[in-house]
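Inspection log for the structure reproduced underneath, given as structure tokens.
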Amino acid sequence: MVSDARRTAVPAARDGGDGPHRIAVLALPGVPPFELGIPSRVFGSALDDEGRALYEVTVCTADGGPVLSDAGFAVQPAAGAAALAEADTVIVPPTHAMPELGRGGPLPPEVTAAIAGIRPGARLVSICSGSYVLAAAGLLDGRPATTHWNLTPEFRRAYPRVKVDEDVLFVDDGDVLTSAGVAAGVDLCLHMIRKDHGAAAANRAARMCVVPPWRDGGQAQYIDRPIPDPTVAGTTDTRAWALEHLGEPLSVARLAGHARMSLRSFSRRFRDEVGMTPVQWLTAQRLELARQLLETTDLSVDLVAHRSGFGSANSLRAHMRSTFGVSPAHYRRSFSSRADVGA
């Protein structure tokens, strides 16, 4: 097991002329090609305002040799484990060739050695069941994490010290980030770009990949459920309407009235479709709007709070501190794309 010395945050991009943020993607035997390609595709689409690459992505293996993917063809890496020691971020896609990990078994020695070579301060990321690799290395002990919803019962049994949340698309725990199944890896990569370089860069990358820059809800909306009665109304139109009226008072009763449902039916239907309660969803959408306004305008915090529906600057501050751990002013200083915006 790899010991997890606590890491300090790593800068998103290198200062001076040292080049873009370096990402190493560790390809293990049995890697699914789709998940393996997500980091190169998404981070490769992240450019600054002058069109320069913000990230450099290298696919590597534990020994520098090719590995067989689960699609039956070999993946020839660009580097070996040395790339992990030089990376600012290390991403681990799934492996379908290590079933022992599902029973809490050990990693192969060469993988353990490769992970042990990751430099202190590097950001660690898993896509889908790549979380098993991080968990087997002891890197998720005592930390919140996620994985594919269908694997969570097995994952909990194998790694009881991990705080698993199967309802979310990804978990950002600072220097360790984990995503749910398959396409949630795209969501996490876009989130990292946004966190590193702001909304504009993430949105540009999303447009290049022809994917939404942000998906509502969590994994709960993808869990297998009985097909709803087609005669039962949904909440899609009401959610679209709510997004146009976030600055107004929006009680659950008002949303239910717009959907022409009883309060109880609307709340149940909403959670089935979105994977969270109407209040949780509204708060998330308002926070997203507030972040956009803080990043792209010079509106005062009071006005941002009003336009995003929080009512007061104090309410916005409380929600941002609870969710992001920072105040609106601190967030603006960190992520605003406007050099002339003050605190």
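We name chains A, B, ... following the order of the structure tokens; residues begin at 1 in each chain, and ligands are numbered from 1 as shown.
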Subject >> Selection: 12 Å around range 301-316 of chain A, only C-alpha atoms, excl. self and same-chain fewer than 3 positions, as JSON, numbers by chain >> reply: {"A": [242, 243, 244, 245, 246, 247, 248, 249, 250, 251, 282, 283, 284, 285, 286, 287, 288, 289, 290, 291, 292, 293, 294, 295, 296, 297, 298, 319, 320, 321, 322, 323, 324, 326, 327, 328, 329, 330, 331, 332, 341, 342, 343]}
I need the residues from that last selection saved to file as a CSV table (one decimal), in the first residue's frame (with N, CA and C atoms), if you can.
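Wrote result-v4.csv, looks like this:
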```csv
chain,number,residue,atom,x,y,z
A,242,ALA,N,-37.3,27.8,-14.5
A,242,ALA,CA,-36.6,28.3,-13.3
A,242,ALA,C,-35.3,28.9,-13.6
A,243,LEU,N,-34.6,28.4,-14.6
A,243,LEU,CA,-33.2,28.9,-14.9
A,243,LEU,C,-33.4,30.3,-15.5
A,244,GLU,N,-34.5,30.7,-16.0
A,244,GLU,CA,-34.7,32.0,-16.5
A,244,GLU,C,-35.2,33.0,-15.4
A,245,HIS,N,-35.5,32.5,-14.3
A,245,HIS,CA,-36.1,33.3,-13.2
A,245,HIS,C,-35.3,33.1,-11.9
A,246,LEU,N,-34.0,32.8,-11.9
A,246,LEU,CA,-33.3,32.5,-10.7
A,246,LEU,C,-33.2,33.7,-9.8
A,247,GLY,N,-33.3,34.9,-10.3
A,247,GLY,CA,-33.3,36.1,-9.4
A,247,GLY,C,-34.6,36.3,-8.7
A,248,GLU,N,-35.6,35.6,-8.9
A,248,GLU,CA,-36.9,35.8,-8.3
A,248,GLU,C,-37.0,34.8,-7.1
A,249,PRO,N,-38.0,35.1,-6.2
A,249,PRO,CA,-38.3,34.1,-5.2
A,249,PRO,C,-38.9,32.8,-5.8
A,250,LEU,N,-38.3,31.7,-5.6
A,250,LEU,CA,-38.7,30.4,-6.2
A,250,LEU,C,-38.9,29.3,-5.2
A,251,SER,N,-40.1,29.3,-4.6
A,251,SER,CA,-40.4,28.3,-3.6
A,251,SER,C,-40.7,27.0,-4.3
A,282,LEU,N,-32.0,24.1,-7.0
A,282,LEU,CA,-32.0,25.6,-7.1
A,282,LEU,C,-30.8,26.2,-6.5
A,283,THR,N,-30.3,25.8,-5.4
A,283,THR,CA,-29.1,26.3,-4.8
A,283,THR,C,-27.9,26.1,-5.7
A,284,ALA,N,-27.8,24.9,-6.3
A,284,ALA,CA,-26.7,24.7,-7.2
A,284,ALA,C,-26.7,25.6,-8.4
A,285,GLN,N,-27.9,25.8,-9.0
A,285,GLN,CA,-28.0,26.6,-10.2
A,285,GLN,C,-27.7,28.1,-9.8
A,286,ARG,N,-28.2,28.5,-8.6
A,286,ARG,CA,-27.9,29.9,-8.2
A,286,ARG,C,-26.4,30.1,-8.0
A,287,LEU,N,-25.8,29.1,-7.4
A,287,LEU,CA,-24.3,29.2,-7.2
A,287,LEU,C,-23.6,29.2,-8.5
A,288,GLU,N,-24.1,28.5,-9.5
A,288,GLU,CA,-23.4,28.5,-10.8
A,288,GLU,C,-23.6,29.8,-11.4
A,289,LEU,N,-24.7,30.4,-11.4
A,289,LEU,CA,-24.9,31.8,-11.9
A,289,LEU,C,-24.1,32.8,-11.2
A,290,ALA,N,-24.0,32.7,-9.9
A,290,ALA,CA,-23.2,33.6,-9.1
A,290,ALA,C,-21.7,33.5,-9.5
A,291,ARG,N,-21.3,32.3,-9.7
A,291,ARG,CA,-19.9,32.1,-10.1
A,291,ARG,C,-19.6,32.7,-11.5
A,292,GLN,N,-20.5,32.6,-12.4
A,292,GLN,CA,-20.4,33.2,-13.7
A,292,GLN,C,-20.3,34.7,-13.6
A,293,LEU,N,-21.2,35.3,-12.8
A,293,LEU,CA,-21.2,36.7,-12.7
A,293,LEU,C,-20.0,37.2,-12.0
A,294,LEU,N,-19.5,36.5,-11.0
A,294,LEU,CA,-18.2,36.9,-10.3
A,294,LEU,C,-17.0,36.8,-11.3
A,295,GLU,N,-17.0,35.8,-12.2
A,295,GLU,CA,-15.9,35.6,-13.1
A,295,GLU,C,-15.9,36.6,-14.2
A,296,THR,N,-17.1,37.0,-14.7
A,296,THR,CA,-17.2,37.7,-16.0
A,296,THR,C,-17.7,39.1,-15.9
A,297,THR,N,-18.1,39.6,-14.7
A,297,THR,CA,-18.6,41.0,-14.6
A,297,THR,C,-17.9,41.7,-13.4
A,298,ASP,N,-18.1,43.0,-13.3
A,298,ASP,CA,-17.6,43.7,-12.2
A,298,ASP,C,-18.7,44.2,-11.2
A,319,HIS,N,-23.4,30.6,1.5
A,319,HIS,CA,-23.5,29.5,0.6
A,319,HIS,C,-22.2,29.2,-0.1
A,320,MET,N,-21.5,30.2,-0.5
A,320,MET,CA,-20.2,30.0,-1.2
A,320,MET,C,-19.1,29.4,-0.2
A,321,ARG,N,-19.1,29.9,1.0
A,321,ARG,CA,-18.2,29.4,2.0
A,321,ARG,C,-18.5,27.9,2.3
A,322,SER,N,-19.8,27.6,2.4
A,322,SER,CA,-20.2,26.2,2.7
A,322,SER,C,-19.9,25.3,1.5
A,323,THR,N,-20.1,25.7,0.3
A,323,THR,CA,-19.9,24.9,-0.9
A,323,THR,C,-18.5,24.9,-1.4
A,324,PHE,N,-17.9,26.1,-1.5
A,324,PHE,CA,-16.6,26.2,-2.1
A,324,PHE,C,-15.4,26.5,-1.1
A,326,VAL,N,-14.8,29.4,0.1
A,326,VAL,CA,-14.2,30.7,-0.1
A,326,VAL,C,-15.3,31.8,-0.1
A,327,SER,N,-15.0,33.0,0.1
A,327,SER,CA,-16.0,34.1,0.0
A,327,SER,C,-16.1,34.5,-1.5
A,328,PRO,N,-17.2,35.2,-1.8
A,328,PRO,CA,-17.3,35.7,-3.2
A,328,PRO,C,-16.1,36.6,-3.6
A,329,ALA,N,-15.6,37.4,-2.7
A,329,ALA,CA,-14.5,38.3,-3.1
A,329,ALA,C,-13.2,37.5,-3.4
A,330,HIS,N,-13.0,36.4,-2.6
A,330,HIS,CA,-11.8,35.6,-2.8
A,330,HIS,C,-12.0,34.8,-4.0
A,331,TYR,N,-13.2,34.3,-4.3
A,331,TYR,CA,-13.4,33.6,-5.6
A,331,TYR,C,-13.2,34.5,-6.8
A,332,ARG,N,-13.6,35.7,-6.7
A,332,ARG,CA,-13.4,36.6,-7.8
A,332,ARG,C,-12.0,36.9,-8.1
A,341,VAL,N,-11.0,43.9,-12.4
A,341,VAL,CA,-12.1,43.7,-11.4
A,341,VAL,C,-11.5,43.7,-10.0
A,342,GLY,N,-12.0,44.5,-9.1
A,342,GLY,CA,-11.5,44.5,-7.8
A,342,GLY,C,-12.3,43.6,-6.9
A,343,ALA,N,-11.9,43.5,-5.6
A,343,ALA,CA,-12.5,42.6,-4.7
A,343,ALA,C,-13.9,43.1,-4.3
```
Original post:
Can you list, as JSON, numbers by chain, every protein, DNA or RNA residue that comes within 8 Å of range 145-156 of chain A when you count only C-alpha atoms, leaving out same-chain residues fewer than 4 positions away?
Top reply: {"A": [102, 103, 127, 128, 129, 131, 132, 140, 160, 162, 163, 164, 165, 166, 167, 168, 169, 170, 171, 173, 177, 178, 179, 180, 181, 219, 223]}
Would you save the residues from that selection as a PDB file, in the first residue's frame, using N, CA and C atoms?
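Output file selection14.pdb follows:
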```pdb
ATOM      1  N   GLY A 102     -11.564  -5.612  -6.699  1.00  0.00           N
ATOM      2  CA  GLY A 102     -12.946  -5.602  -6.230  1.00  0.00           C
ATOM      3  C   GLY A 102     -13.134  -6.368  -4.939  1.00  0.00           C
ATOM      4  N   ARG A 103     -12.135  -7.107  -4.536  1.00  0.00           N
ATOM      5  CA  ARG A 103     -12.177  -7.840  -3.269  1.00  0.00           C
ATOM      6  C   ARG A 103     -11.217  -7.234  -2.242  1.00  0.00           C
ATOM      7  N   ILE A 127     -10.985   8.127 -12.964  1.00  0.00           N
ATOM      8  CA  ILE A 127     -12.179   8.102 -13.802  1.00  0.00           C
ATOM      9  C   ILE A 127     -12.859   6.758 -13.603  1.00  0.00           C
ATOM     10  N   CYS A 128     -14.145   6.795 -13.257  1.00  0.00           N
ATOM     11  CA  CYS A 128     -14.942   5.581 -13.063  1.00  0.00           C
ATOM     12  C   CYS A 128     -14.259   4.651 -12.057  1.00  0.00           C
ATOM     13  N   SER A 129     -14.064   3.377 -12.412  1.00  0.00           N
ATOM     14  CA  SER A 129     -13.503   2.422 -11.464  1.00  0.00           C
ATOM     15  C   SER A 129     -11.990   2.540 -11.319  1.00  0.00           C
ATOM     16  N   SER A 131     -11.022   4.515  -9.468  1.00  0.00           N
ATOM     17  CA  SER A 131     -11.028   4.755  -8.021  1.00  0.00           C
ATOM     18  C   SER A 131     -10.548   3.532  -7.247  1.00  0.00           C
ATOM     19  N   TYR A 132     -10.753   2.323  -7.801  1.00  0.00           N
ATOM     20  CA  TYR A 132     -10.265   1.116  -7.136  1.00  0.00           C
ATOM     21  C   TYR A 132      -8.743   1.155  -6.993  1.00  0.00           C
ATOM     22  N   LEU A 140      -7.316   6.901  -0.800  1.00  0.00           N
ATOM     23  CA  LEU A 140      -8.670   7.401  -0.548  1.00  0.00           C
ATOM     24  C   LEU A 140      -9.118   7.161   0.888  1.00  0.00           C
ATOM     25  N   PRO A 160     -13.723  -0.154   3.090  1.00  0.00           N
ATOM     26  CA  PRO A 160     -14.651   0.456   4.050  1.00  0.00           C
ATOM     27  C   PRO A 160     -14.175   1.791   4.613  1.00  0.00           C
ATOM     28  N   VAL A 162     -13.164   4.292   2.868  1.00  0.00           N
ATOM     29  CA  VAL A 162     -13.455   5.368   1.913  1.00  0.00           C
ATOM     30  C   VAL A 162     -14.895   5.837   2.118  1.00  0.00           C
ATOM     31  N   LYS A 163     -15.099   7.127   2.111  1.00  0.00           N
ATOM     32  CA  LYS A 163     -16.438   7.715   2.270  1.00  0.00           C
ATOM     33  C   LYS A 163     -17.093   7.849   0.900  1.00  0.00           C
ATOM     34  N   VAL A 164     -17.795   6.817   0.480  1.00  0.00           N
ATOM     35  CA  VAL A 164     -18.307   6.746  -0.888  1.00  0.00           C
ATOM     36  C   VAL A 164     -19.637   7.488  -1.010  1.00  0.00           C
ATOM     37  N   ASP A 165     -19.768   8.277  -2.051  1.00  0.00           N
ATOM     38  CA  ASP A 165     -21.017   8.956  -2.383  1.00  0.00           C
ATOM     39  C   ASP A 165     -21.384   8.561  -3.806  1.00  0.00           C
ATOM     40  N   GLU A 166     -22.384   7.682  -3.944  1.00  0.00           N
ATOM     41  CA  GLU A 166     -22.756   7.199  -5.269  1.00  0.00           C
ATOM     42  C   GLU A 166     -23.740   8.108  -5.989  1.00  0.00           C
ATOM     43  N   ASP A 167     -24.167   9.201  -5.343  1.00  0.00           N
ATOM     44  CA  ASP A 167     -25.192  10.053  -5.941  1.00  0.00           C
ATOM     45  C   ASP A 167     -24.632  11.169  -6.805  1.00  0.00           C
ATOM     46  N   VAL A 168     -23.319  11.365  -6.796  1.00  0.00           N
ATOM     47  CA  VAL A 168     -22.743  12.519  -7.490  1.00  0.00           C
ATOM     48  C   VAL A 168     -21.991  12.085  -8.746  1.00  0.00           C
ATOM     49  N   LEU A 169     -21.777  13.032  -9.643  1.00  0.00           N
ATOM     50  CA  LEU A 169     -21.020  12.750 -10.859  1.00  0.00           C
ATOM     51  C   LEU A 169     -19.517  12.769 -10.597  1.00  0.00           C
ATOM     52  N   PHE A 170     -19.086  13.577  -9.647  1.00  0.00           N
ATOM     53  CA  PHE A 170     -17.676  13.574  -9.274  1.00  0.00           C
ATOM     54  C   PHE A 170     -17.539  14.176  -7.883  1.00  0.00           C
ATOM     55  N   VAL A 171     -16.396  13.903  -7.266  1.00  0.00           N
ATOM     56  CA  VAL A 171     -16.058  14.462  -5.959  1.00  0.00           C
ATOM     57  C   VAL A 171     -14.726  15.186  -6.093  1.00  0.00           C
ATOM     58  N   ASP A 173     -12.044  16.675  -3.792  1.00  0.00           N
ATOM     59  CA  ASP A 173     -11.552  16.775  -2.421  1.00  0.00           C
ATOM     60  C   ASP A 173     -10.195  17.476  -2.401  1.00  0.00           C
ATOM     61  N   LEU A 177      -9.353  13.834  -6.675  1.00  0.00           N
ATOM     62  CA  LEU A 177     -10.666  13.967  -7.310  1.00  0.00           C
ATOM     63  C   LEU A 177     -11.050  12.639  -7.933  1.00  0.00           C
ATOM     64  N   THR A 178     -12.317  12.272  -7.810  1.00  0.00           N
ATOM     65  CA  THR A 178     -12.808  11.009  -8.357  1.00  0.00           C
ATOM     66  C   THR A 178     -14.096  11.263  -9.117  1.00  0.00           C
ATOM     67  N   SER A 179     -14.321  10.485 -10.179  1.00  0.00           N
ATOM     68  CA  SER A 179     -15.540  10.657 -10.965  1.00  0.00           C
ATOM     69  C   SER A 179     -16.306   9.356 -11.056  1.00  0.00           C
ATOM     70  N   ALA A 180     -17.564   9.484 -11.418  1.00  0.00           N
ATOM     71  CA  ALA A 180     -18.425   8.327 -11.592  1.00  0.00           C
ATOM     72  C   ALA A 180     -18.168   7.698 -12.965  1.00  0.00           C
ATOM     73  N   GLY A 181     -19.130   6.933 -13.449  1.00  0.00           N
ATOM     74  CA  GLY A 181     -18.902   6.132 -14.640  1.00  0.00           C
ATOM     75  C   GLY A 181     -18.737   6.908 -15.933  1.00  0.00           C
ATOM     76  N   GLN A 219     -25.531  10.975 -10.212  1.00  0.00           N
ATOM     77  CA  GLN A 219     -25.703   9.638 -10.781  1.00  0.00           C
ATOM     78  C   GLN A 219     -27.107   9.097 -10.585  1.00  0.00           C
ATOM     79  N   ILE A 223     -29.437   5.780 -12.568  1.00  0.00           N
ATOM     80  CA  ILE A 223     -29.640   4.459 -11.995  1.00  0.00           C
ATOM     81  C   ILE A 223     -30.877   3.823 -12.596  1.00  0.00           C
TER      82      ILE A 223
END
```
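CA of Arg161 in chain A is positioned 5.5 Å from CA of Gly142 in chain A.
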Original post:
Can you tell me how far CA of Asp272 in chain A sits from CA of Pro93 in chain A, in Å to one decimal?
Top reply: 28.9 Å
**OP:** Please return as JSON, numbers by chain: the residues of range 198-336 of chain A that backbone DSSP assigns to helix (DSSP H, G or I).
**Re:** {"A": [199, 200, 201, 202, 203, 204, 205, 206, 207, 208, 209, 219, 220, 221, 222, 236, 237, 238, 239, 240, 241, 242, 243, 252, 253, 254, 255, 256, 257, 258, 259, 263, 264, 265, 266, 267, 268, 269, 270, 271, 272, 273, 274, 278, 279, 280, 281, 282, 283, 284, 285, 286, 287, 288, 289, 290, 291, 292, 293, 294, 295, 296, 301, 302, 303, 304, 305, 306, 307, 313, 314, 315, 316, 317, 318, 319, 320, 321, 322, 323, 324, 328, 329, 330, 331, 332, 333, 334, 335]}
**OP:** Within 9 Å of Asp49 in chain A, counting only C-alpha atoms, which residues show up once you throw out same-chain ones fewer than 2 positions away? Write them as a list in words, please.
**Re:** Leu47, Gly51, Arg52, Ala200 and Ala201 of chain A
Could those residues be written to a file, using C-alpha atoms, as a tab-separated table (two decimals), in the first residue's frame?
```tsv
chain	number	residue	atom	x	y	z
A	47	LEU	CA	-6.69	26.81	-24.78
A	51	GLY	CA	-5.03	29.81	-28.54
A	52	ARG	CA	-2.12	28.31	-26.59
A	200	ALA	CA	-14.40	30.79	-20.28
A	201	ALA	CA	-11.64	28.21	-20.81
```
Original post:
Where does DSSP see strand (DSSP E or B) in range 64-306 of chain A, if you list the residues as a PyMOL selection string?
Top reply: chain A and resi 67-68+74-75+79+89-92+123-126+144-145+163-164+170-172+176-179
Generate a file of the selected residues that holds C-alpha atoms, formatted as a JSON list (two decimals), in the first residue's frame.
```json
[["chain", "number", "residue", "atom", "x", "y", "z"],
["A", 67, "VAL", "CA", -0.76, -2.72, -22.45],
["A", 68, "LEU", "CA", -3.75, -4.58, -23.87],
["A", 74, "ALA", "CA", -2.66, -2.75, -27.56],
["A", 75, "VAL", "CA", -2.04, 0.75, -26.28],
["A", 79, "ALA", "CA", 6.34, 7.17, -21.56],
["A", 89, "THR", "CA", -1.74, 15.90, -12.26],
["A", 90, "VAL", "CA", -1.98, 12.11, -12.50],
["A", 91, "ILE", "CA", -5.16, 10.57, -13.92],
["A", 92, "VAL", "CA", -6.04, 6.89, -13.50],
["A", 123, "ARG", "CA", -3.10, 16.21, -8.01],
["A", 124, "LEU", "CA", -4.60, 12.69, -8.19],
["A", 125, "VAL", "CA", -7.65, 11.89, -10.29],
["A", 126, "SER", "CA", -9.61, 8.74, -11.09],
["A", 144, "PRO", "CA", -14.88, 11.35, 0.20],
["A", 145, "ALA", "CA", -14.91, 9.70, -3.22],
["A", 163, "LYS", "CA", -16.44, 7.71, 2.27],
["A", 164, "VAL", "CA", -18.31, 6.75, -0.89],
["A", 170, "PHE", "CA", -17.68, 13.57, -9.27],
["A", 171, "VAL", "CA", -16.06, 14.46, -5.96],
["A", 172, "ASP", "CA", -13.48, 17.23, -5.66],
["A", 176, "VAL", "CA", -7.73, 14.05, -4.89],
["A", 177, "LEU", "CA", -10.67, 13.97, -7.31],
["A", 178, "THR", "CA", -12.81, 11.01, -8.36],
["A", 179, "SER", "CA", -15.54, 10.66, -10.97]]
```
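Take CA of Thr95 in chain A and CA of Leu28 in chain A: the distance between them is 5.9 Å.
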**OP:** Find the residues near Ala259 in chain A: any atom within 10 Å, counting only C-alpha atoms, skip ones fewer than 5 places away on the same chain, and give them as number ranges by chain.
**Re:** A: 233-239, 241, 253-254, 266
